[in-house]
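Dumped target.pdb below, it's PDB, C-alpha atoms and all ligand atoms:
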```pdb
ATOM      1  CA  MET J  85     -34.014 -59.218 -36.560  1.00  0.00           C
ATOM      2  CA  LYS J  86     -32.671 -58.170 -39.932  1.00  0.00           C
ATOM      3  CA  ILE J  87     -35.043 -55.221 -39.946  1.00  0.00           C
ATOM      4  CA  TYR J  88     -33.007 -53.320 -37.347  1.00  0.00           C
ATOM      5  CA  PRO J  89     -30.106 -52.325 -39.621  1.00  0.00           C
ATOM      6  CA  LEU J  90     -32.655 -50.984 -42.130  1.00  0.00           C
ATOM      7  CA  LEU J  91     -34.481 -48.960 -39.459  1.00  0.00           C
ATOM      8  CA  LEU J  92     -31.173 -47.634 -38.231  1.00  0.00           C
ATOM      9  CA  LEU J  93     -30.260 -46.590 -41.760  1.00  0.00           C
ATOM     10  CA  LEU J  94     -33.601 -44.770 -42.228  1.00  0.00           C
ATOM     11  CA  PHE J  95     -33.087 -43.075 -38.882  1.00  0.00           C
ATOM     12  CA  LEU J  96     -29.611 -41.857 -39.894  1.00  0.00           C
ATOM     13  CA  ILE J  97     -30.766 -40.584 -43.274  1.00  0.00           C
ATOM     14  CA  GLY J  98     -33.675 -38.793 -41.660  1.00  0.00           C
ATOM     15  CA  PRO J  99     -36.751 -37.211 -43.201  1.00  0.00           C
ATOM     16  CA  ASN J 100     -34.722 -34.794 -45.333  1.00  0.00           C
ATOM     17  CA  ALA J 101     -32.903 -37.494 -47.251  1.00  0.00           C
ATOM     18  CA  GLY J 102     -32.663 -36.611 -50.899  1.00  0.00           C
ATOM     19  CA  GLN J 103     -33.142 -32.895 -50.307  1.00  0.00           C
ATOM     20  CA  PRO J 104     -30.309 -30.456 -50.982  1.00  0.00           C
ATOM     21  CA  THR J 105     -28.184 -29.580 -47.979  1.00  0.00           C
ATOM     22  CA  ILE J 106     -29.088 -26.215 -46.509  1.00  0.00           C
ATOM     23  CA  LYS J 107     -26.329 -23.693 -47.214  1.00  0.00           C
ATOM     24  CA  LYS J 108     -24.450 -22.566 -44.148  1.00  0.00           C
ATOM     25  CA  VAL J 109     -25.260 -18.949 -43.311  1.00  0.00           C
ATOM     26  CA  THR J 110     -22.038 -16.975 -43.636  1.00  0.00           C
ATOM     27  CA  GLY J 111     -23.187 -13.652 -42.159  1.00  0.00           C
ATOM     28  CA  ALA J 112     -21.855 -12.469 -38.811  1.00  0.00           C
ATOM     29  CA  LYS J 113     -23.601 -13.762 -35.705  1.00  0.00           C
ATOM     30  CA  GLN J 114     -23.746 -10.426 -33.942  1.00  0.00           C
ATOM     31  CA  ALA J 115     -22.549  -6.836 -34.033  1.00  0.00           C
ATOM     32  CA  VAL J 116     -18.943  -6.144 -33.119  1.00  0.00           C
ATOM     33  CA  PHE J 117     -17.789  -2.695 -31.956  1.00  0.00           C
ATOM     34  CA  SER J 118     -14.235  -1.409 -31.812  1.00  0.00           C
ATOM     35  CA  PHE J 119     -12.549   1.959 -31.238  1.00  0.00           C
ATOM     36  CA  ILE J 120      -9.344   3.232 -32.838  1.00  0.00           C
ATOM     37  CA  PHE J 121      -7.559   6.465 -31.904  1.00  0.00           C
ATOM     38  CA  ASP J 122      -5.262   7.825 -34.601  1.00  0.00           C
ATOM     39  CA  ASP J 123      -1.986   9.696 -34.969  1.00  0.00           C
ATOM     40  CA  LEU J 124      -0.216   8.907 -31.642  1.00  0.00           C
ATOM     41  CA  ASN J 125      -1.418  11.670 -29.363  1.00  0.00           C
ATOM     42  CA  THR J 126      -0.194  12.474 -25.859  1.00  0.00           C
ATOM     43  CA  THR J 127      -3.800  12.024 -24.712  1.00  0.00           C
ATOM     44  CA  ASP J 128      -3.825   8.340 -25.696  1.00  0.00           C
ATOM     45  CA  ALA J 129      -3.148   7.466 -22.042  1.00  0.00           C
ATOM     46  CA  ASP J 130      -6.297   9.393 -21.029  1.00  0.00           C
ATOM     47  CA  VAL J 131      -8.284   7.466 -23.640  1.00  0.00           C
ATOM     48  CA  LYS J 132      -6.898   4.193 -22.288  1.00  0.00           C
ATOM     49  CA  ALA J 133      -7.853   5.163 -18.711  1.00  0.00           C
ATOM     50  CA  ILE J 134     -11.454   5.859 -19.754  1.00  0.00           C
ATOM     51  CA  PHE J 135     -11.719   2.512 -21.544  1.00  0.00           C
ATOM     52  CA  ASP J 136     -10.343   0.846 -18.386  1.00  0.00           C
ATOM     53  CA  GLU J 137     -13.320   2.269 -16.450  1.00  0.00           C
ATOM     54  CA  PHE J 138     -15.617   0.185 -18.640  1.00  0.00           C
ATOM     55  CA  GLY J 139     -13.433  -2.911 -18.917  1.00  0.00           C
ATOM     56  CA  PHE J 140     -12.971  -2.209 -22.641  1.00  0.00           C
ATOM     57  CA  GLN J 141      -9.795  -2.062 -24.738  1.00  0.00           C
ATOM     58  CA  PRO J 142      -9.262   0.696 -27.310  1.00  0.00           C
ATOM     59  CA  SER J 143      -6.812   0.433 -30.228  1.00  0.00           C
ATOM     60  CA  PHE J 144      -4.222   2.918 -31.426  1.00  0.00           C
ATOM     61  CA  ALA J 145      -3.189   3.648 -35.028  1.00  0.00           C
ATOM     62  CA  ILE J 146       0.281   5.106 -34.845  1.00  0.00           C
ATOM     63  CA  THR J 147       1.977   7.507 -37.230  1.00  0.00           C
ATOM     64  CA  THR J 148       5.435   6.063 -36.812  1.00  0.00           C
ATOM     65  CA  ASN J 149       7.481   9.228 -37.230  1.00  0.00           C
ATOM     66  CA  LYS J 150       6.208   9.920 -33.708  1.00  0.00           C
ATOM     67  CA  LEU J 151       7.271   6.508 -32.434  1.00  0.00           C
ATOM     68  CA  ASN J 152      10.637   6.598 -30.680  1.00  0.00           C
ATOM     69  CA  SER J 153      12.407   5.304 -27.580  1.00  0.00           C
ATOM     70  CA  LYS J 154      10.405   7.771 -25.464  1.00  0.00           C
ATOM     71  CA  THR J 155       6.929   7.047 -26.840  1.00  0.00           C
ATOM     72  CA  ALA J 156       7.241   3.333 -27.684  1.00  0.00           C
ATOM     73  CA  PRO J 157       7.275   1.810 -24.145  1.00  0.00           C
ATOM     74  CA  LEU J 158       3.697   2.960 -23.481  1.00  0.00           C
ATOM     75  CA  TYR J 159       2.389   1.288 -26.649  1.00  0.00           C
ATOM     76  CA  LYS J 160       4.456  -1.827 -25.973  1.00  0.00           C
ATOM     77  CA  SER J 161       2.817  -2.071 -22.542  1.00  0.00           C
ATOM     78  CA  TYR J 162      -0.599  -1.656 -24.177  1.00  0.00           C
ATOM     79  CA  ALA J 163       0.219  -4.398 -26.688  1.00  0.00           C
ATOM     80  CA  GLU J 164       1.246  -6.669 -23.807  1.00  0.00           C
ATOM     81  CA  GLU J 165      -2.207  -6.096 -22.310  1.00  0.00           C
ATOM     82  CA  GLY J 166      -3.734  -7.260 -25.593  1.00  0.00           C
ATOM     83  CA  ILE J 167      -4.501  -3.840 -27.080  1.00  0.00           C
ATOM     84  CA  SER J 168      -4.122  -3.654 -30.867  1.00  0.00           C
ATOM     85  CA  ILE J 169      -1.536  -1.271 -32.244  1.00  0.00           C
ATOM     86  CA  LEU J 170      -2.041  -0.469 -35.925  1.00  0.00           C
ATOM     87  CA  SER J 171       0.146   1.337 -38.427  1.00  0.00           C
ATOM     88  CA  HIS J 172      -1.097   4.708 -39.675  1.00  0.00           C
ATOM     89  CA  SER J 173       1.896   5.099 -42.069  1.00  0.00           C
ATOM     90  CA  HIS J 174       5.213   6.760 -41.287  1.00  0.00           C
ATOM     91  CA  THR J 175       4.661  10.356 -42.432  1.00  0.00           C
ATOM     92  CA  HIS J 176       0.855  10.491 -42.900  1.00  0.00           C
ATOM     93  CA  PRO J 177       0.739  11.248 -46.654  1.00  0.00           C
ATOM     94  CA  LYS J 178      -2.596  11.361 -48.462  1.00  0.00           C
ATOM     95  CA  MET J 179      -3.087   8.140 -50.422  1.00  0.00           C
ATOM     96  CA  ASN J 180      -6.112   9.283 -52.379  1.00  0.00           C
ATOM     97  CA  ASN J 181      -4.433  10.737 -55.438  1.00  0.00           C
ATOM     98  CA  ALA J 182      -1.976   9.017 -57.758  1.00  0.00           C
ATOM     99  CA  SER J 183      -0.663  12.315 -59.094  1.00  0.00           C
ATOM    100  CA  VAL J 184       0.472  13.344 -55.624  1.00  0.00           C
ATOM    101  CA  VAL J 185       1.954  10.083 -54.391  1.00  0.00           C
ATOM    102  CA  ASP J 186       3.348   7.100 -56.321  1.00  0.00           C
ATOM    103  CA  LYS J 187       3.226   3.371 -55.615  1.00  0.00           C
ATOM    104  CA  GLU J 188       6.806   3.164 -54.435  1.00  0.00           C
ATOM    105  CA  THR J 189       6.236   5.843 -51.817  1.00  0.00           C
ATOM    106  CA  ILE J 190       3.105   4.099 -50.572  1.00  0.00           C
ATOM    107  CA  LEU J 191       4.863   0.745 -50.388  1.00  0.00           C
ATOM    108  CA  LEU J 192       7.700   2.289 -48.407  1.00  0.00           C
ATOM    109  CA  GLU J 193       5.210   3.940 -46.016  1.00  0.00           C
ATOM    110  CA  LEU J 194       3.376   0.634 -45.532  1.00  0.00           C
ATOM    111  CA  LYS J 195       6.496  -1.441 -44.924  1.00  0.00           C
ATOM    112  CA  SER J 196       8.692   0.962 -42.982  1.00  0.00           C
ATOM    113  CA  SER J 197       5.941   1.909 -40.531  1.00  0.00           C
ATOM    114  CA  LYS J 198       5.230  -1.745 -39.767  1.00  0.00           C
ATOM    115  CA  GLU J 199       8.924  -2.522 -39.335  1.00  0.00           C
ATOM    116  CA  ARG J 200       9.340   0.441 -37.027  1.00  0.00           C
ATOM    117  CA  ILE J 201       6.506  -0.666 -34.746  1.00  0.00           C
ATOM    118  CA  GLU J 202       7.807  -4.240 -34.737  1.00  0.00           C
ATOM    119  CA  SER J 203      11.335  -3.032 -33.918  1.00  0.00           C
ATOM    120  CA  TYR J 204       9.977  -2.079 -30.483  1.00  0.00           C
ATOM    121  CA  GLY J 205       8.599  -5.578 -29.970  1.00  0.00           C
ATOM    122  CA  ILE J 206       5.020  -4.536 -30.771  1.00  0.00           C
ATOM    123  CA  PRO J 207       3.029  -6.836 -33.090  1.00  0.00           C
ATOM    124  CA  VAL J 208       1.061  -5.120 -35.859  1.00  0.00           C
ATOM    125  CA  HIS J 209      -1.622  -6.648 -38.097  1.00  0.00           C
ATOM    126  CA  GLY J 210      -3.752  -3.697 -39.198  1.00  0.00           C
ATOM    127  CA  PHE J 211      -3.342  -0.505 -41.195  1.00  0.00           C
ATOM    128  CA  VAL J 212      -5.308   2.750 -41.123  1.00  0.00           C
ATOM    129  CA  THR J 213      -5.024   4.950 -44.238  1.00  0.00           C
ATOM    130  CA  PRO J 214      -4.134   8.600 -43.506  1.00  0.00           C
ATOM    131  CA  ASN J 215      -7.163  10.810 -44.296  1.00  0.00           C
ATOM    132  CA  SER J 216      -9.290   7.650 -44.553  1.00  0.00           C
ATOM    133  CA  TYR J 217      -9.303   6.907 -48.279  1.00  0.00           C
ATOM    134  CA  MET J 218      -6.851   4.834 -50.321  1.00  0.00           C
ATOM    135  CA  ARG J 219      -7.077   4.845 -54.102  1.00  0.00           C
ATOM    136  CA  PRO J 220      -8.058   1.417 -55.478  1.00  0.00           C
ATOM    137  CA  GLU J 221      -4.850   1.114 -57.510  1.00  0.00           C
ATOM    138  CA  PHE J 222      -2.834   1.099 -54.272  1.00  0.00           C
ATOM    139  CA  LEU J 223      -4.879  -1.595 -52.531  1.00  0.00           C
ATOM    140  CA  THR J 224      -2.838  -4.537 -53.846  1.00  0.00           C
ATOM    141  CA  LEU J 225       0.197  -3.121 -52.044  1.00  0.00           C
ATOM    142  CA  LEU J 226      -1.375  -3.958 -48.661  1.00  0.00           C
ATOM    143  CA  GLY J 227      -1.686  -7.695 -49.084  1.00  0.00           C
ATOM    144  CA  ALA J 228       1.750  -8.908 -48.146  1.00  0.00           C
ATOM    145  CA  THR J 229       2.114  -6.596 -45.163  1.00  0.00           C
ATOM    146  CA  TYR J 230      -1.242  -6.351 -43.373  1.00  0.00           C
ATOM    147  CA  ASP J 231      -4.003  -8.791 -42.447  1.00  0.00           C
ATOM    148  CA  TYR J 232      -6.622  -6.045 -42.538  1.00  0.00           C
ATOM    149  CA  ALA J 233      -6.828  -2.370 -43.416  1.00  0.00           C
ATOM    150  CA  PHE J 234      -9.152   0.608 -43.236  1.00  0.00           C
ATOM    151  CA  THR J 235      -9.050   2.061 -46.732  1.00  0.00           C
ATOM    152  CA  ASN J 236     -12.665   3.180 -47.044  1.00  0.00           C
ATOM    153  CA  ASN J 237     -13.494   1.544 -50.361  1.00  0.00           C
ATOM    154  CA  HIS J 238     -17.072   0.578 -49.506  1.00  0.00           C
ATOM    155  CA  ASN J 239     -18.367   3.778 -47.991  1.00  0.00           C
ATOM    156  CA  ASP J 240     -21.370   2.761 -45.990  1.00  0.00           C
ATOM    157  CA  LEU J 241     -21.031  -0.988 -45.845  1.00  0.00           C
ATOM    158  CA  TYR J 242     -19.975  -2.511 -42.566  1.00  0.00           C
ATOM    159  CA  ASP J 243     -20.603  -6.201 -43.076  1.00  0.00           C
ATOM    160  CA  THR J 244     -18.906  -9.392 -44.228  1.00  0.00           C
ATOM    161  CA  SER J 245     -19.392  -8.453 -47.891  1.00  0.00           C
ATOM    162  CA  VAL J 246     -16.507  -6.017 -47.409  1.00  0.00           C
ATOM    163  CA  ASP J 247     -13.006  -7.403 -47.872  1.00  0.00           C
ATOM    164  CA  LYS J 248     -10.879  -7.162 -44.712  1.00  0.00           C
ATOM    165  CA  GLN J 249      -8.489  -4.796 -46.489  1.00  0.00           C
ATOM    166  CA  HIS J 250     -11.195  -2.377 -47.649  1.00  0.00           C
ATOM    167  CA  LEU J 251     -12.862  -1.552 -44.329  1.00  0.00           C
ATOM    168  CA  SER J 252     -14.408   1.762 -43.332  1.00  0.00           C
ATOM    169  CA  ARG J 253     -14.718   3.424 -39.943  1.00  0.00           C
ATOM    170  CA  TYR J 254     -17.304   5.648 -38.275  1.00  0.00           C
ATOM    171  CA  GLY J 255     -16.093   8.999 -36.893  1.00  0.00           C
ATOM    172  CA  ILE J 256     -16.937   9.920 -33.306  1.00  0.00           C
ATOM    173  CA  GLU J 257     -16.013  13.553 -33.964  1.00  0.00           C
ATOM    174  CA  SER J 258     -17.987  13.930 -37.168  1.00  0.00           C
ATOM    175  CA  ASN J 259     -21.130  12.295 -35.795  1.00  0.00           C
ATOM    176  CA  ILE J 260     -21.505  13.973 -32.422  1.00  0.00           C
ATOM    177  CA  ALA J 261     -23.790  17.034 -32.363  1.00  0.00           C
ATOM    178  CA  THR J 262     -21.841  20.292 -32.701  1.00  0.00           C
ATOM    179  CA  SER J 263     -24.430  22.272 -30.714  1.00  0.00           C
ATOM    180  CA  ASP J 264     -24.860  20.261 -27.517  1.00  0.00           C
ATOM    181  CA  HIS J 265     -22.675  17.106 -27.637  1.00  0.00           C
ATOM    182  CA  SER J 266     -25.770  14.975 -28.187  1.00  0.00           C
ATOM    183  CA  ILE J 267     -24.853  11.415 -29.121  1.00  0.00           C
ATOM    184  CA  GLU J 268     -28.327  10.661 -30.447  1.00  0.00           C
ATOM    185  CA  LYS J 269     -27.034  10.085 -33.990  1.00  0.00           C
ATOM    186  CA  ILE J 270     -24.275   7.815 -32.686  1.00  0.00           C
ATOM    187  CA  MET J 271     -26.758   5.898 -30.497  1.00  0.00           C
ATOM    188  CA  SER J 272     -29.040   5.230 -33.426  1.00  0.00           C
ATOM    189  CA  ARG J 273     -26.025   4.131 -35.490  1.00  0.00           C
ATOM    190  CA  ILE J 274     -25.135   1.700 -32.683  1.00  0.00           C
ATOM    191  CA  ASP J 275     -28.722   0.404 -32.683  1.00  0.00           C
ATOM    192  CA  GLN J 276     -28.559  -0.026 -36.463  1.00  0.00           C
ATOM    193  CA  ALA J 277     -25.254  -1.915 -36.216  1.00  0.00           C
ATOM    194  CA  ILE J 278     -26.788  -4.271 -33.664  1.00  0.00           C
ATOM    195  CA  LYS J 279     -29.869  -4.814 -35.805  1.00  0.00           C
ATOM    196  CA  ASN J 280     -27.814  -5.476 -38.944  1.00  0.00           C
ATOM    197  CA  LYS J 281     -25.029  -7.379 -37.128  1.00  0.00           C
ATOM    198  CA  GLU J 282     -22.337  -5.043 -38.427  1.00  0.00           C
ATOM    199  CA  LEU J 283     -18.678  -4.550 -37.660  1.00  0.00           C
ATOM    200  CA  LEU J 284     -18.689  -0.897 -36.605  1.00  0.00           C
ATOM    201  CA  VAL J 285     -15.255   0.543 -35.880  1.00  0.00           C
ATOM    202  CA  PHE J 286     -15.299   4.029 -34.373  1.00  0.00           C
ATOM    203  CA  TYR J 287     -12.397   6.410 -34.612  1.00  0.00           C
ATOM    204  CA  GLY J 288     -11.171   9.515 -32.880  1.00  0.00           C
ATOM    205  CA  HIS J 289      -7.999  11.478 -32.337  1.00  0.00           C
ATOM    206  CA  ALA J 290      -6.905  13.552 -29.354  1.00  0.00           C
ATOM    207  CA  LEU J 291      -9.134  13.765 -26.264  1.00  0.00           C
ATOM    208  CA  PRO J 292     -10.557  16.327 -25.849  1.00  0.00           C
ATOM    209  CA  SER J 293     -10.864  16.556 -29.607  1.00  0.00           C
ATOM    210  CA  THR J 294      -9.019  19.377 -31.360  1.00  0.00           C
ATOM    211  CA  TYR J 295     -11.986  19.638 -33.747  1.00  0.00           C
ATOM    212  CA  LEU J 296     -14.254  22.366 -32.417  1.00  0.00           C
ATOM    213  CA  ASP J 297     -18.008  22.590 -31.957  1.00  0.00           C
ATOM    214  CA  ASP J 298     -20.336  25.547 -32.648  1.00  0.00           C
ATOM    215  CA  LEU J 299     -19.205  27.229 -29.428  1.00  0.00           C
ATOM    216  CA  GLY J 300     -15.519  26.854 -30.231  1.00  0.00           C
ATOM    217  CA  LYS J 301     -15.118  24.122 -27.598  1.00  0.00           C
ATOM    218  CA  PRO J 302     -13.718  20.608 -28.194  1.00  0.00           C
ATOM    219  CA  ARG J 303     -16.150  18.583 -30.239  1.00  0.00           C
ATOM    220  CA  VAL J 304     -15.661  15.410 -28.176  1.00  0.00           C
ATOM    221  CA  THR J 305     -14.767  15.497 -24.498  1.00  0.00           C
ATOM    222  CA  ALA J 306     -13.860  12.716 -22.089  1.00  0.00           C
ATOM    223  CA  ASN J 307     -17.424  12.870 -20.804  1.00  0.00           C
ATOM    224  CA  ASP J 308     -18.858  12.436 -24.313  1.00  0.00           C
ATOM    225  CA  LEU J 309     -16.718   9.345 -24.748  1.00  0.00           C
ATOM    226  CA  ARG J 310     -17.984   7.992 -21.427  1.00  0.00           C
ATOM    227  CA  VAL J 311     -21.595   8.501 -22.530  1.00  0.00           C
ATOM    228  CA  ILE J 312     -20.943   6.564 -25.755  1.00  0.00           C
ATOM    229  CA  LEU J 313     -19.125   3.762 -23.924  1.00  0.00           C
ATOM    230  CA  SER J 314     -21.902   3.555 -21.311  1.00  0.00           C
ATOM    231  CA  TYR J 315     -24.458   3.079 -24.047  1.00  0.00           C
ATOM    232  CA  ILE J 316     -22.410   0.332 -25.695  1.00  0.00           C
ATOM    233  CA  LYS J 317     -21.769  -1.277 -22.291  1.00  0.00           C
ATOM    234  CA  SER J 318     -25.523  -1.517 -21.728  1.00  0.00           C
ATOM    235  CA  LYS J 319     -25.814  -3.339 -25.057  1.00  0.00           C
ATOM    236  CA  LEU J 320     -22.916  -5.655 -24.204  1.00  0.00           C
ATOM    237  CA  ASP J 321     -24.464  -6.452 -20.809  1.00  0.00           C
ATOM    238  CA  ASN J 322     -27.619  -7.381 -22.689  1.00  0.00           C
ATOM    239  CA  ASN J 323     -25.604  -9.762 -24.924  1.00  0.00           C
ATOM    240  CA  GLU J 324     -26.447  -7.738 -28.019  1.00  0.00           C
ATOM    241  CA  CYS J 325     -22.875  -7.211 -29.248  1.00  0.00           C
ATOM    242  CA  LEU J 326     -19.169  -7.732 -28.723  1.00  0.00           C
ATOM    243  CA  VAL J 327     -16.735  -4.924 -27.882  1.00  0.00           C
ATOM    244  CA  LEU J 328     -13.164  -5.778 -28.842  1.00  0.00           C
ATOM    245  CA  THR J 329      -9.807  -4.248 -29.635  1.00  0.00           C
ATOM    246  CA  SER J 330      -9.322  -3.988 -33.387  1.00  0.00           C
ATOM    247  CA  ASP J 331      -7.306  -7.173 -34.175  1.00  0.00           C
ATOM    248  CA  LEU J 332      -9.750  -9.300 -32.189  1.00  0.00           C
ATOM    249  CA  ALA J 333     -12.784  -7.477 -33.577  1.00  0.00           C
ATOM    250  CA  VAL J 334     -11.815  -8.250 -37.172  1.00  0.00           C
ATOM    251  CA  GLU J 335     -10.871 -11.814 -36.268  1.00  0.00           C
ATOM    252  CA  ALA J 336     -14.159 -12.434 -34.449  1.00  0.00           C
ATOM    253  CA  TYR J 337     -16.279 -10.787 -37.132  1.00  0.00           C
ATOM    254  CA  TYR J 338     -14.778 -12.673 -40.076  1.00  0.00           C
ATOM    255  CA  LYS J 339     -14.572 -16.024 -38.300  1.00  0.00           C
TER     256      LYS J 339
HETATM  257 ZN    ZN K   1      -4.395  10.544 -39.148  1.00  0.00          ZN
END
```

Could you show the structure in this file as structure tokens?
Ligand SMILES: [Zn+2]
Amino acid sequence: MKIYPLLLLLFLIGPNAGQPTIKKVTGAKQAVFSFIFDDLNTTDADVKAIFDEFGFQPSFAITTNKLNSKTAPLYKSYAEEGISILSHSHTHPKMNNASVVDKETILLELKSSKERIESYGIPVHGFVTPNSYMRPEFLTLLGATYDYAFTNNHNDLYDTSVDKQHLSRYGIESNIATSDHSIEKIMSRIDQAIKNKELLVFYGHALPSTYLDDLGKPRVTANDLRVILSYIKSKLDNNECLVLTSDLAVEAYYK
């Protein structure tokens, strides 16, 4: 009878007893896609309506000198639906050159824009750098104010090796074909993100885009956006990715 406790012990230790514990894999489990529209444009409501068609939620990065008692209620209602509202600074200064802008100015832009959004009862956790790139010497200013930020300090990396405050985004406008609106390049980037389990955050501005194609027409139209969202929806339906508003995308990806 005394043999049972010994057998039980061997059973609990198992055949791998004595071997080093396998390190937990820390990479993301699957690709996460998100979409942010910058600058607070009057067409943001049109963007929102298109995302509604697909059951997706966009995000909006607001330049807060455009946020006032007239514009704020719309974004507050979006936030109440769970849509992420990010700060895109107060006056949209370039943050890529220390000789043009100093640390105090940047800090004021970071803090005052967040406070302004919050003053309308809208929570804000993320920051989008105007003109994409923030100089490394300014990065430490973000820490106390934002949980995550797009500062474009790791150009083409979109994985968990990138700190949450150094994220990059992928432009819808700059990657759609200027001759015929083809989204082929964007589709293959989506495929790559799925294969590599990346966090790929797209960005755009007004819709239709004010950036023009070879024919002088808007570079991205509502229909182009629908084609991109349809493609991503097909991937979501196939359980190949997640599609989330920005706060949730970052949270899910870095979990
Ligand atoms: Zn901008």

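Considering all atoms listed in the file, the residues that reside within 7 Å of ligand ZN 1 (chain K) can be listed as Asp122, Asp123, His172, His176, Pro214 and Asn215 of chain J.
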
Report the distance between atom CA of Val304 of chain J and atom CA of Ile256 of chain J in Å, rounded to one decimal place.
->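 Going from atom CA of Val304 of chain J over to atom CA of Ile256 of chain J, I get 7.6 Å.
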
Would you mind telling me which residue in J:Ala129, J:Ile190, J:Ile274, J:Val311 lies nearest to Val327 of chain J when using all atoms listed in the file?
->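 Among the listed residues, J:Ile274 lies closest to Val327 of chain J.
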
Find the spatial neighbours of Ile169 of chain J, counting only C-alpha atoms, within a cut-off of 10 Å - ignore same-chain residues fewer than 3 positions away - and output them as a ChimeraX atom specification.
-> /J:120-121,142-146,159-160,162-163,166,172,201,206-211,329-331

Name the residues captured by the PyMOL selection byres (((chain J and resi 152) around 12) and not hetatm) when it is applied to the shown file; answer as a ChimeraX atom specification.
-> /J:124,146-151,153-160,174,197,200-204

Taking (-14.8, -16.4, -36.2) in the file's coordinates, which residues come within 12 Å, counting all atoms listed in the file, written as a list in words?
->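 Result, sorted by chain then residue number: Thr110, Gly111, Ala112, Lys113, Gln114, Val116, Thr244, Leu332, Ala333, Val334, Glu335, Ala336, Tyr337, Tyr338 and Lys339 of chain J.
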
Point-to-point distance in Å for atom CA of Gly227 of chain J and atom CA of Phe119 of chain J | 23.0 Å

Convert the output of the PyMOL selection byres (((chain J and resi 295) around 12) and not hetatm) on the shown file into explicit residues, formatted as a PyMOL selection string.
-> chain J and resi 255-260+262+288-294+296-305

With distances taken over all atoms listed in the file, which of J:Glu221, J:Leu241, J:Thr213, J:Thr126 is nearest to Ala182 of chain J?
->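 That would be J:Glu221, the residue with the smallest distance to Ala182 of chain J.
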
Point-to-point distance in Å for atom CA of Asp243 of chain J and atom CA of Lys281 of chain J =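 Rounded to one decimal, the two atoms are 7.5 Å apart.
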
Please list as a PDB file with C-alpha atoms, keeping the file's coordinate frame every residue within 8 Å of Thr235 of chain J, counting only C-alpha atoms and excluding residues in the same chain fewer than 4 positions away.
```pdb
ATOM      1  CA  VAL J 212      -5.308   2.750 -41.123  1.00  0.00           C
ATOM      2  CA  THR J 213      -5.024   4.950 -44.238  1.00  0.00           C
ATOM      3  CA  SER J 216      -9.290   7.650 -44.553  1.00  0.00           C
ATOM      4  CA  TYR J 217      -9.303   6.907 -48.279  1.00  0.00           C
ATOM      5  CA  MET J 218      -6.851   4.834 -50.321  1.00  0.00           C
ATOM      6  CA  GLN J 249      -8.489  -4.796 -46.489  1.00  0.00           C
ATOM      7  CA  HIS J 250     -11.195  -2.377 -47.649  1.00  0.00           C
ATOM      8  CA  LEU J 251     -12.862  -1.552 -44.329  1.00  0.00           C
ATOM      9  CA  SER J 252     -14.408   1.762 -43.332  1.00  0.00           C
TER      10      SER J 252
END
```

Hey, which of J:Thr127, J:Asn236, J:Asn323, J:Ser314 ends up closest to Met179 of chain J? Count all atoms listed in the file.
->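 Checking each of J:Thr127, J:Asn236, J:Asn323, J:Ser314 against Met179 of chain J, counting all atoms listed in the file, the winner is J:Asn236.
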
Edge lengths and centre in Å to one decimal, as AutoDock Vina command-line options, is what I'm after for the box along x, y and z that holds all listed atoms of segment 184-189 of chain J once 4 Å is added on each side.
```
--center_x 3.6 --center_y 8.3 --center_z -54.1 --size_x 14.3 --size_y 18.2 --size_z 12.5
```

Selection result of the PyMOL selection byres (((chain J and resi 273) around 12) and not hetatm) on this file, as a PyMOL selection string = chain J and resi 115+117+240+242+254-256+259-260+267-272+274-286+312+315-316

Any idea what's packed within 9 Å of Ile134 of chain J, counting all atoms listed in the file, ignoring anything in its chain fewer than 4 positions away? Could you give it as a PyMOL selection string?
-> chain J and resi 129-130+138+140+306+309-310+313

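Of the listed residues J:Val131, J:Gly139, J:His238, J:Leu192, the one whose atoms come nearest to Leu328 of chain J is J:Gly139, with distances taken using all atoms listed in the file.
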
Just segment 307-325 of chain J from the block, C-alpha atoms, as a compact mmCIF listing (two decimals), in the first residue's frame, could you?
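Result saved to selection.txt:
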```
# COMPACT_ATOMS: atom_id res chain seq x y z
CA ASN J 307 -15.72 52.98 -51.64
CA ASP J 308 -11.97 52.34 -51.30
CA LEU J 309 -12.39 52.21 -47.54
CA ARG J 310 -15.25 49.74 -47.93
CA VAL J 311 -13.08 47.49 -50.11
CA ILE J 312 -10.32 47.49 -47.47
CA LEU J 313 -12.78 46.82 -44.63
CA SER J 314 -14.44 44.02 -46.62
CA TYR J 315 -11.10 42.33 -47.06
CA ILE J 316 -10.31 42.59 -43.35
CA LYS J 317 -13.84 41.41 -42.48
CA SER J 318 -13.26 38.26 -44.52
CA LYS J 319 -10.11 37.62 -42.48
CA LEU J 320 -11.93 38.28 -39.20
CA ASP J 321 -14.74 35.91 -40.21
CA ASN J 322 -12.06 33.30 -40.81
CA ASN J 323 -10.68 33.88 -37.28
CA GLU J 324 -7.36 35.09 -38.66
CA CYS J 325 -7.23 38.42 -36.80
```
